[in-house]
Amino acid sequence: ATTLTIGTVNNGDMVRMQALSKTYTEQHPDVELRWVVLEENTLRQRLTTDITTGGGQFDVITIGAYEAPMWGRKDWLTPLEKFSPTYDVDDLMPNVRKQLSVDGKLRALPFYSEGSITYYRTDLFAAKGLKMPEEPTWTEIRGFAEKLHDPSKNVYGICLRGKAGWGENMALVTTIVNAYGGRWFDEKWQPQLDSPEWSQAVNFYVDLLSKFGPPGPSSNGFNENLTLFNAGKCAMWVDASVAGAFVTDKTQSQVPDKVGFVKAPRQVTPKGSSWLWTWALAVPKSSKQQQAAFDFIQWATSKEYANLVAKRYGISAMPPGTRLSTYANAEYMKATPFARVTQEAIQTANPDSPTLKPVPYTGVQFATIPEFQAIGTQVGKSISGALAGSSKVDAELKKLNESVQRTIKRAGYIK
Amino acid sequence: MPALKQRRQIADTVRAICSWLIALIIFFPIFWMVITSFKTELGAFSMPPEFFFKPTLENYREIMEANDYLHFAWNSLVTSGGATLVGMLLAVPAAYSFAFHPTRRTQGILTWMLSTKMLPAVGVLVPIYLMARDLGLLDTRLVLVIIFALVNLPIMVWMIYTYFRDVPRDILEAARMDGATLFQEMFRVLLPVSRGGLASTALLSLILNWNEAFWSINLTTTQASPLSALVASFSSPQGLFWAKLSAISTLACAPIVLLGWGSQKQLVRGLTFGAVK
Amino acid sequence: MSEAARESRRAGRLTASPAILLLFIWMIVPLAFTVYFSTQNYLLLDPENRGFAGLENFSYFLSSSSFLNSLLITLKLVGSVLVITVVLGVLISVLVDAKFPGQGVVRMLLISPFFIMPTVSALIWKNLLMNPVSGLFAWLFQLVGLTPINWFSDWPLLSIIIIVSWEWLPFAILIFVTSLQSMDQEQKEAAQMDGATPVSIFRYLTLPHLARPIAVVVMVEAIFLLNIFAEIFTTTSGGPGDATTNVPYLVFTQALLEFDVGTASAGGLVAVVLANLVAAALLRVFGKSLTQA
Amino acid sequence: MAQLEIKSLTKSFGDTRVIKGVDLRVEDRDFCVFLGPSGCGKSTLLRLIAGLESVTSGQILLDGQDITEAPSAKRNLAMVFQSYALYPHMSIRQNMSFALDLAKVDKKVINEKVTRAARILELEPLLDRKPAALSGGQRQRVAIGRAIVREPRIFLFDEPLSNLDAALRMQMRLELARLHQDLKATMIYVTHDQVEAMTLANKVVIFNGGHIEQSGPPQELYRRPVNKFVASFLGMPQMVFLDATLEGGVLKLVNGGEIPVPTGLPALAAGTRVTVGVRPEQMSLAEPGRGQLQGRVQMIERLGSDAYAYLALPSGGRLTVRCEGDVGAIEGTDVSAQLNPERVHVFDANGVAIHHPTFR
Amino acid sequence: MAQLEIKSLTKSFGDTRVIKGVDLRVEDRDFCVFLGPSGCGKSTLLRLIAGLESVTSGQILLDGQDITEAPSAKRNLAMVFQSYALYPHMSIRQNMSFALDLAKVDKKVINEKVTRAARILELEPLLDRKPAALSGGQRQRVAIGRAIVREPRIFLFDEPLSNLDAALRMQMRLELARLHQDLKATMIYVTHDQVEAMTLANKVVIFNGGHIEQSGPPQELYRRPVNKFVASFLGMPQMVFLDATLEGGVLKLVNGGEIPVPTGLPALAAGTRVTVGVRPEQMSLAEPGRGQLQGRVQMIERLGSDAYAYLALPSGGRLTVRCEGDVGAIEGTDVSAQLNPERVHVFDANGVAIHHPTFR
Ligand SMILES: Nc1ncnc2c1ncn2[C@@H]1O[C@H](COP(=O)(O)OP(=O)(O)OP(=O)(O)O)[C@@H](O)[C@H]1O
Ligand SMILES: Nc1ncnc2c1ncn2[C@@H]1O[C@H](COP(=O)(O)OP(=O)(O)OP(=O)(O)O)[C@@H](O)[C@H]1O
Ligand SMILES: [Mg+2]
Ligand SMILES: [Mg+2]
């Protein structure tokens, strides 16, 4: 028998995959699946140590849009070719495919993708006679938040990510900066954190969230905000489109039928105002069962699997954002109120040209270079500190710029 | 003087009540965790908190269904028990030597031992991972046993050393006069006499090993993963998860808590040598 | 030297050597690696670009503003938790030392938090108790008409200190209660006859008797507290800002968030040196009561 | 004034009764010594008086006031423990001044009292040491000093001199006697040492198995023991007991030999079996056949000042005779023992005394 | 056969020399008693013999074999510790049988020996208790029992009887003497108690400050002490020392009074200052003016069998006289003390004996 060790994130969708994998093992009785399910950061560190040192502990790994191209380029991931005839590679969304390919060759298969969108409470908006535009600006959002913020009734104007981390607050903050016309680096890799765009964007963010946000926003990440929103405590929330499935789920949300969905807010530009993220499955080069692993990830990202999910958990639970066919499915589009917005968010995000001004990197809410984790972590930390009121934004940005410059110089991008 | 007797009784009662109060406050978070594990996810989050609710075993059912709890528990038991055993086997002789055959260097060695404990784990992850890989020890219980034992060895030596220091030398000398070999002196006199301290030390080691997460997560994948790794997989999933988290936490901690409660008498017995003199 | 003395010395060396040897290996091998890596430009995500970096990693780590800050945080954290656990530990142990109904159960309850995994306890506190919106504390505050405290953003370090103290208080209680058992009853009786009140017995007999266990608790806890990580990781991730970033967390950030093995190794070495300094200081203060009879 | 009265006191540890109903009165300024075999409950009784053990039944009255339930801190008694129970982390000076410090006595007064006690006990050069740095004997003196400075209502001593060497013991004994006189204090004193009991006490209480066998002034007990237990317990070497039958005006000893009935012996039926008790110092050795009792010298213990001759009687009994330190008797030779018939004690078959010699 | 020889043994703890060169021979079947003031190194010497301390210099030979370096487990000696050192986790029975268990002696034999020892020591009812549940005296007996069952080559006792009551002490003393005879064992015994030393030993060793002052049979030491230290150390109550000057054929006492020069005193220059030593039992009380020394009765200690009269001399000196138990002297009255000039010891200015009385 073949044993496949699968390292994955403990997201709802992945947990579902784990549950449904019984179907796969029934079809492939000679395959045994072993699961290592970890929280995102922990998983990333675990996988990185293993892959970079050639530990060979995993046959299937779950990685994001950030790692896939980098690791592919290092040739740590097996290139994926010779798909099974039923797989239909061309059904994968082009933007998503682009994110996961190196030199046009796929190195990982998308499990689900997300953009960022705006969630809002239709009932609260109606009660105040407000109307959410299809493409709101951040300024408009601020106006709504001001009107809807009512802490005495346990309703906060807006919930946003505040928890430090390049994958937490920095995903959101980067999109705000993008919307304000900013960028991480200029064409010569000079960091731009001291630019007026950054200053405006970050000041706006800090002001908005600390005035009209829930208490203690600096410790809220995706999960905390989701919990808050589900408990009916947020009037608005800008975050990943995957949450759509949760906020409309009656078993966990107290407001399943009172949620509206529109695009992520823009400001001076819509470019880069919504992020693009993909969770993908890949097979490390160090795996000894590459073919079996490849078979498995094909199954897990297939239409067949999507249908299985639909059958078991309802049609709106289908893995979002990966396949064009999903969005061609009228039944899905009807049952899933957030599907259209999600689709648009994913389709409009362009990792190759993410910002208003040109940049030397790819990636919307991150730069696909190994050093970005360090940079993002550091900047995220400072901004969450500013949010908690422990420092002044502009001074902080200036310091950050220097420090980022140091890092990027040390890595040899600036000669 | 009944008044005095009464006053004493009142004082005793106040003291008992205070003790109970403090104990309940300190225990409350655990109690609340266990309670929460029997709520629905929505109930766990509701505000004001639910104090009276219909308990559900749903969370436990789901966890048991998705994970082989016994597999993880067994790994926890083997690794933490094994490491404790190995640790004791190494620590007792060392502590014996330091306590009863001190040299000028003893003090220095003890301090040095403690300092080894201070290497931050993250700092040495990569070298250890490389070594484990080259020795083929990745994802084995053995690697955890070795690491746990070594990580806690300094603490164990220290604790046992301080307990041994309290043992009157006389009774060891008496055993020597009675013709006991070094081995017999240890196993028939020293160890039984200091069993309270040894139990404390062993329990401490067991707890630390059981709860260790960093090495468990990083050096094992599936075969040898203990409960702490299982808990890590629940630590922040999407959506409401408090009830499930409480349930898995309860499951992960229950064995060690029960063990600790069971051995409480042994622990608190301590060393009383009133009988010697 | 006499044969008997030599014999005893041999016995001493023989019994201690396995532990010392293994610890030595355990310490020296990773340490050698760490020293080596600390001079390398070694980004885990970019292993091909490895090369000699000289002392750059050290200067990078030491000169970053986070370093001094993390040092301060570490000391604050360790210091406060030590004070809290020792003071409360002593008081509570003395309180439960006398016989009363349910004494065994009370002791069991008191030492229970120690058995809980750090991650779990951090999660319990963060989500079930200290959550400013739906935690139990928030509810209690609202019940008496106060605004709930934003624990992790307004008092991040204090929150961590509370959690860690809750975890380690039982350890102190366990050690102190055990030690109180071995206190000479006749000394207490003599003091009673001398007209000592319970308070003066505590002050003049119990506290001095507890000197050594206190030293043990301080030493053992200090070692673990210097390496506190899981609680910070699960609650504040070192934030907001770097308000709760202690040295180990900083090293963690370098090593596993930034995958910069070189700098992390340098940081690790710095942490070892610092920890040794703290240990030496503690030993100077408490060492005497530890090793003297 | 401090007078202690104990009324039908009992104490059980679990199921074992250790004190089985004790009635005792210790008058003000009494020096009362508890004597008894090991394990008979002397320490326990002392601890009951001190309030360190709870009473099972009965009453303890101090100056007529019921203190059975009073906490020991309130009783104002001082105790010298068998195990010393010094405070290990305090200097000798602090050990001794502890009680006074607690009572907030003036520093100067404390200092004075401690210095005085230290001088009495020859502890002056040690005042700044810790107990761990003292030898056994020195520790015991500190324990005594701790009691002295307090000037308590009653002193309780539990074998305070047992670890001292002979010279120091003697000196301390005299010191205690003087202290008793100077302080006019009531003292209760547990000891194994008869010499201490006889010399210090004005009241000796003989315990046996948790109850009192006899109590009274030491000389009284020595001269008029109420039973064989007390008779054998006091006196070094022990009183010699000889079984006898009353026959025609003489006491026919079972071991052979006979002695005239002592004057004052109550009338007894002929043939009554009695036990005759003679103290070794009331006998002397004589040529074979000259004394009342014939025997062979089994062993001679020479103490220097005295010697004890142990004679084996033909019937298998044994006899101890105290002689001069340089007595010439030789082991293995036949001798006889001479006794003064007027100086014997007579006990009935139950061991109860029925006759004592009269002393001037 | 077990004969012990110690050759120029020294022992230092760090810089303090505790044993300062001891030479000693203990013959097979000797009962050797170490006597000396507290802290003089008796226990240390015993521990050196036992192999529990390492020797600093010198040799220890057992039956001619050098055991200076042998581990104590191999020496086959048994020791009764001053602190008892019972195994707290074992029952009394286990405590006593431990050594035999280790030696893999047959269970039945062990049982027999333990039962016998327990009977001797009156420990039978306690055999299944733990040491913590025993009284002080009971614990000490267990410690002795532990040694007895082993039948070792040499018994080492460190003050084994100090916590026992007089009766038991006496009984144990005889028991030890009998044991010594029965087992034909060599015994070394540390004690504070002169009576034990005098009665048990056939060789007494007087220690002082880490060296031997005198050793020999007890009577020899008592009668012919080589110096004032030994003289004062043996004898209860202590020998009385009177400073005197040799003047014209008489010894003029500094305290007043004079005594004729005892026969056999070596010729000394007139005016030599000497010290006259008299044992209290060699004096008697007399009417005032009748004896050589005039004084006032300060105190009378009545022990029952004897009484000690303490006289204050006009010059401030003090005198102890042993009298009959029922002596009639009254405290506070003037008396005189009579002494036999032929029975005095004379010491020179350095305290070295220059004359002893002759005994028959
Ligand atoms: N805590 C206890 N539990 C059970 N039995 C006890 C306890 N304390 C003492 N005893 C028993 O009570 C009896 C009396 O003990 P106590 O200490 O009063 O004797 P003692 O007369 O002082 O003896 P010694 O002269 O040997 O000191 C002993 O038989 C002892 O075994
Ligand atoms: N381990 C040690 N370190 C330093 N000095 C010691 C040690 N053991 C004993 N001594 C010292 O050596 C001297 C002799 O001690 P030892 O115990 O032999 O006396 P002892 O004659 O047995 O006295 P006692 O009759 O009081 O028991 C004492 O002054 C003591 O303080
Ligand atoms: Mg007693
Ligand atoms: Mg001694």
# chains A, B, ... in the order shown; residues from 1 in each chain; ligands from 1

call {"tool": "closest_atom_pairs", "arguments": {"of": "chain D", "to": "chain E", "cutoff": "8 Å", "atoms": "only C-alpha atoms", "output": "CSV"}}
result
residue,atom,partner,partner_atom,distance
D:Gly36,CA,E:Asp165,CA,7.2
D:Pro37,CA,E:Asp165,CA,5.7
D:Ser38,CA,E:Gly137,CA,5.5
D:Gly39,CA,E:Ser135,CA,5.6
D:Ser135,CA,E:Gly39,CA,6.7
D:Gly136,CA,E:Ser38,CA,7.9
D:Gly137,CA,E:Ser38,CA,7.0
D:Ser162,CA,E:Ser162,CA,6.4
D:Asn163,CA,E:Ser162,CA,7.0
D:Leu164,CA,E:His192,CA,7.4
D:Asp165,CA,E:His192,CA,4.9
D:Ala166,CA,E:His192,CA,6.2
D:Ala167,CA,E:Phe233,CA,7.3
D:Thr191,CA,E:Asp165,CA,7.8
D:His192,CA,E:Asp165,CA,4.2
D:Asp193,CA,E:Ala166,CA,6.1
D:Gln194,CA,E:Ala166,CA,6.8
D:Val195,CA,E:Leu303,CA,5.9
D:Met198,CA,E:Leu303,CA,5.1
D:Thr199,CA,E:Glu301,CA,5.1
D:Pro218,CA,E:Gly304,CA,8.0
D:Gln219,CA,E:Gly304,CA,6.3
D:Tyr222,CA,E:Gly304,CA,6.0
D:Arg223,CA,E:Gly304,CA,7.8
D:Phe233,CA,E:Ala167,CA,6.3
D:Gly235,CA,E:Gly304,CA,6.8
D:Met236,CA,E:Ser305,CA,7.7
D:Pro237,CA,E:Met170,CA,7.9
D:Gln238,CA,E:Ala167,CA,7.7
D:Glu281,CA,E:Ser305,CA,6.5
D:Glu301,CA,E:Thr199,CA,5.1
D:Arg302,CA,E:Thr199,CA,6.0
D:Leu303,CA,E:Met198,CA,5.1
D:Gly304,CA,E:Tyr222,CA,5.8
D:Ser305,CA,E:Glu281,CA,6.4
D:Asp326,CA,E:Phe359,CA,7.2
D:Phe359,CA,E:Asp326,CA,7.7
D:Arg360,CA,E:Asp326,CA,7.9

call {"tool": "residues_near_ligand", "arguments": {"ligand": "ligand 4", "cutoff": "7 Å", "atoms": "only C-alpha atoms and all ligand atoms", "output": "ChimeraX atom specification"}}
result
/E:39,42-43,82,158

call {"tool": "select_by_dssp", "arguments": {"residues": "stretch 142-347 of chain D", "states": "strand (DSSP E or B)", "output": "VMD selection string"}}
result
chain D and resid 154 to 158 186 to 190 203 to 208 211 to 216 227 240 to 247 250 to 253 258 to 260 273 to 278 283 to 286 293 to 302 306 to 312 318 to 324 334 to 339 345 to 347

call {"tool": "interface_residues", "arguments": {"of": "chain D", "to": "chain C", "cutoff": "8 Å", "atoms": "only C-alpha atoms", "output": "VMD selection string"}}
result
chain D and resid 50 52 72 to 79 81 83 85 to 87 89 98 to 99 102 to 103 150

call {"tool": "closest_atom_pairs", "arguments": {"of": "chain C", "to": "chain A", "cutoff": "6 Å", "atoms": "only C-alpha atoms", "output": "tab-separated table"}}
result
residue	atom	partner	partner_atom	distance
C:Asn150	CA	A:Gly216	CA	5.0
C:Ser153	CA	A:Gly216	CA	4.9
C:Pro240	CA	A:Gly385	CA	4.3
C:Gly241	CA	A:Gly385	CA	3.2
C:Leu256	CA	A:Gln45	CA	5.6
C:Glu258	CA	A:Ala374	CA	4.3

call {"tool": "write_last_selection", "arguments": {"atoms": "N, CA, C and O atoms", "output": "compact mmCIF listing (two decimals), in the first residue's frame"}}
result
# COMPACT_ATOMS: atom_id res chain seq x y z
N ASN C 150 -9.93 45.98 26.98
CA ASN C 150 -9.35 45.36 25.79
C ASN C 150 -8.02 44.75 26.19
O ASN C 150 -6.97 45.34 25.99
N SER C 153 -5.04 44.42 23.58
CA SER C 153 -4.50 45.60 22.89
C SER C 153 -4.15 46.71 23.87
O SER C 153 -3.20 47.44 23.65
N PRO C 240 0.55 44.12 20.40
CA PRO C 240 0.62 45.00 19.24
C PRO C 240 1.96 45.72 19.18
O PRO C 240 2.54 46.01 20.21
N GLY C 241 2.38 45.99 17.94
CA GLY C 241 3.72 46.51 17.78
C GLY C 241 4.66 45.43 18.24
O GLY C 241 4.53 44.28 17.84
N LEU C 256 11.63 31.58 12.03
CA LEU C 256 10.54 30.85 11.40
C LEU C 256 9.50 31.73 10.74
O LEU C 256 8.63 31.22 10.06
N GLU C 258 10.74 34.74 9.28
CA GLU C 258 11.56 35.30 8.22
C GLU C 258 12.51 34.26 7.64
O GLU C 258 13.19 34.51 6.67

call {"tool": "residues_around", "arguments": {"residues": "stretch 200-208 of chain A", "least_positions_apart": "4", "cutoff": "7 Å", "atoms": "only C-alpha atoms", "output": "ChimeraX atom specification"}}
result
/A:142,176-177,180,196,212,387,393

call {"tool": "residues_around", "arguments": {"residues": "A:Thr118", "least_positions_apart": "6", "cutoff": "9 Å", "atoms": "only C-alpha atoms", "output": "list in words"}}
result
Pro136, Met236, Trp237, Val238, Asp239, Ala240, Ser241, Gly260, Phe261, Val262, Lys263, Ala264 and Pro265 of chain A

call {"tool": "residues_around", "arguments": {"residues": "stretch 265-269 of chain D", "least_positions_apart": "6", "cutoff": "12 Å", "atoms": "only C-alpha atoms", "output": "PyMOL selection string"}}
result
chain D and resi 245-251+276+341-348+353-358

call {"tool": "select_by_dssp", "arguments": {"residues": "stretch 114-179 of chain A", "states": "alpha helix (DSSP H)", "output": "ChimeraX atom specification"}}
result
/A:122-127,138-148,169-179

call {"tool": "write_last_selection", "arguments": {"atoms": "N, CA, C and O atoms", "output": "compact mmCIF listing (two decimals), in the first residue's frame"}}
result
# COMPACT_ATOMS: atom_id res chain seq x y z
N THR A 122 -27.16 44.05 5.70
CA THR A 122 -28.27 44.69 5.01
C THR A 122 -29.30 45.24 5.98
O THR A 122 -29.85 46.33 5.78
N ASP A 123 -29.55 44.53 7.06
CA ASP A 123 -30.60 44.97 8.00
C ASP A 123 -30.20 46.29 8.65
O ASP A 123 -31.01 47.20 8.79
N LEU A 124 -28.94 46.40 9.04
CA LEU A 124 -28.50 47.64 9.69
C LEU A 124 -28.52 48.80 8.71
O LEU A 124 -28.91 49.92 9.06
N PHE A 125 -28.07 48.52 7.47
CA PHE A 125 -28.09 49.56 6.46
C PHE A 125 -29.52 50.04 6.22
O PHE A 125 -29.79 51.24 6.17
N ALA A 126 -30.41 49.08 6.12
CA ALA A 126 -31.82 49.42 5.87
C ALA A 126 -32.37 50.24 7.02
O ALA A 126 -33.08 51.24 6.82
N ALA A 127 -32.05 49.84 8.23
CA ALA A 127 -32.58 50.53 9.40
C ALA A 127 -32.17 51.99 9.42
O ALA A 127 -32.94 52.87 9.83
N TRP A 138 -13.14 53.87 0.07
CA TRP A 138 -12.85 53.80 1.50
C TRP A 138 -13.47 54.99 2.23
O TRP A 138 -13.93 54.87 3.36
N THR A 139 -13.51 56.15 1.56
CA THR A 139 -14.12 57.31 2.19
C THR A 139 -15.59 57.06 2.48
O THR A 139 -16.10 57.39 3.56
N GLU A 140 -16.25 56.45 1.51
CA GLU A 140 -17.67 56.13 1.73
C GLU A 140 -17.83 55.16 2.89
O GLU A 140 -18.71 55.31 3.75
N ILE A 141 -16.95 54.16 2.90
CA ILE A 141 -17.01 53.14 3.95
C ILE A 141 -16.90 53.80 5.31
O ILE A 141 -17.63 53.48 6.26
N ARG A 142 -15.99 54.79 5.38
CA ARG A 142 -15.79 55.47 6.65
C ARG A 142 -17.08 56.18 7.09
O ARG A 142 -17.47 56.14 8.26
N GLY A 143 -17.75 56.79 6.09
CA GLY A 143 -19.00 57.46 6.40
C GLY A 143 -20.03 56.49 6.96
O GLY A 143 -20.68 56.77 7.98
N PHE A 144 -20.16 55.33 6.34
CA PHE A 144 -21.12 54.34 6.84
C PHE A 144 -20.75 53.89 8.25
O PHE A 144 -21.60 53.79 9.14
N ALA A 145 -19.46 53.65 8.42
CA ALA A 145 -19.00 53.13 9.71
C ALA A 145 -19.37 54.11 10.82
O ALA A 145 -19.85 53.73 11.89
N GLU A 146 -19.17 55.38 10.52
CA GLU A 146 -19.46 56.41 11.50
C GLU A 146 -20.93 56.35 11.90
O GLU A 146 -21.28 56.46 13.07
N LYS A 147 -21.78 56.15 10.91
CA LYS A 147 -23.21 56.16 11.19
C LYS A 147 -23.66 54.89 11.91
O LYS A 147 -24.62 54.93 12.70
N LEU A 148 -23.03 53.81 11.60
CA LEU A 148 -23.52 52.53 12.13
C LEU A 148 -22.88 52.12 13.46
O LEU A 148 -23.34 51.21 14.13
N ASN A 169 -2.75 41.38 8.86
CA ASN A 169 -3.09 42.77 8.58
C ASN A 169 -2.45 43.31 7.31
O ASN A 169 -3.00 44.16 6.64
N MET A 170 -1.27 42.77 6.96
CA MET A 170 -0.58 43.35 5.81
C MET A 170 -1.30 43.03 4.51
O MET A 170 -1.18 43.79 3.53
N ALA A 171 -2.04 41.91 4.44
CA ALA A 171 -2.82 41.64 3.23
C ALA A 171 -3.81 42.78 3.02
O ALA A 171 -3.90 43.36 1.92
N LEU A 172 -4.50 43.15 4.09
CA LEU A 172 -5.49 44.22 3.97
C LEU A 172 -4.82 45.57 3.75
O LEU A 172 -5.20 46.32 2.84
N VAL A 173 -3.81 45.85 4.57
CA VAL A 173 -3.19 47.17 4.49
C VAL A 173 -2.58 47.39 3.10
O VAL A 173 -2.70 48.46 2.52
N THR A 174 -1.97 46.33 2.54
CA THR A 174 -1.40 46.48 1.21
C THR A 174 -2.49 46.84 0.20
O THR A 174 -2.27 47.72 -0.66
N THR A 175 -3.64 46.21 0.31
CA THR A 175 -4.70 46.55 -0.65
C THR A 175 -5.17 47.99 -0.45
O THR A 175 -5.49 48.68 -1.40
N ILE A 176 -5.22 48.46 0.79
CA ILE A 176 -5.60 49.85 1.02
C ILE A 176 -4.56 50.78 0.39
O ILE A 176 -4.89 51.75 -0.29
N VAL A 177 -3.28 50.45 0.64
CA VAL A 177 -2.21 51.26 0.07
C VAL A 177 -2.33 51.26 -1.44
O VAL A 177 -2.24 52.31 -2.09
N ASN A 178 -2.57 50.05 -2.00
CA ASN A 178 -2.75 49.96 -3.44
C ASN A 178 -3.88 50.88 -3.89
O ASN A 178 -3.75 51.60 -4.88
N ALA A 179 -4.99 50.83 -3.17
CA ALA A 179 -6.14 51.64 -3.54
C ALA A 179 -5.81 53.12 -3.47
O ALA A 179 -6.33 53.93 -4.23

call {"tool": "residues_around", "arguments": {"residues": "A:Gln343", "least_positions_apart": "3", "cutoff": "10 Å", "atoms": "only C-alpha atoms", "output": "JSON, numbers by chain"}}
result
{"A": [93, 113, 114, 115, 241, 320, 321, 322, 323, 324, 326, 327, 338, 339, 340, 346, 347, 348]}

call {"tool": "residues_around", "arguments": {"residues": "E:Asn350", "least_positions_apart": "5", "cutoff": "10 Å", "atoms": "only C-alpha atoms", "output": "PyMOL selection string"}}
result
chain E and resi 227-228+274-275

call {"tool": "atom_distance", "arguments": {"atom1": "atom 28 (C, counted along the ligand's line) of ligand 2", "atom2": "atom CA of E:Gly58"}}
result
19.7 Å

call {"tool": "interface_residues", "arguments": {"of": "chain C", "to": "chain B", "cutoff": "7 Å", "atoms": "only C-alpha atoms", "output": "PyMOL selection string"}}
result
chain C and resi 8-9+12-13+15-16+18-19+23+26-27+30+33-34+95-96+100+106+108-110+112-113+115-117+120+124+134+136+139+177-179+181-182+220+223+227+248+251-252+255+264-265+268+272+275-276+293

call {"tool": "closest_residue", "arguments": {"among": "B:Arg169, B:Ser225, B:Ala73, B:Arg141", "to": "ligand 2", "atoms": "only C-alpha atoms and all ligand atoms"}}
result
B:Arg169

call {"tool": "interface_residues", "arguments": {"of": "chain A", "to": "chain B", "cutoff": "9 Å", "atoms": "only C-alpha atoms", "output": "PyMOL selection string"}}
result
chain A and resi 5+7+9-13+15+18-19+34-40+42+45-46+49-50+53-58+222-224+226-227+230-231+243+246-247+251-254

call {"tool": "closest_residue", "arguments": {"among": "D:Val190, D:Leu183, D:Met172, D:Val22", "to": "ligand 3", "atoms": "only C-alpha atoms and all ligand atoms"}}
result
D:Val190
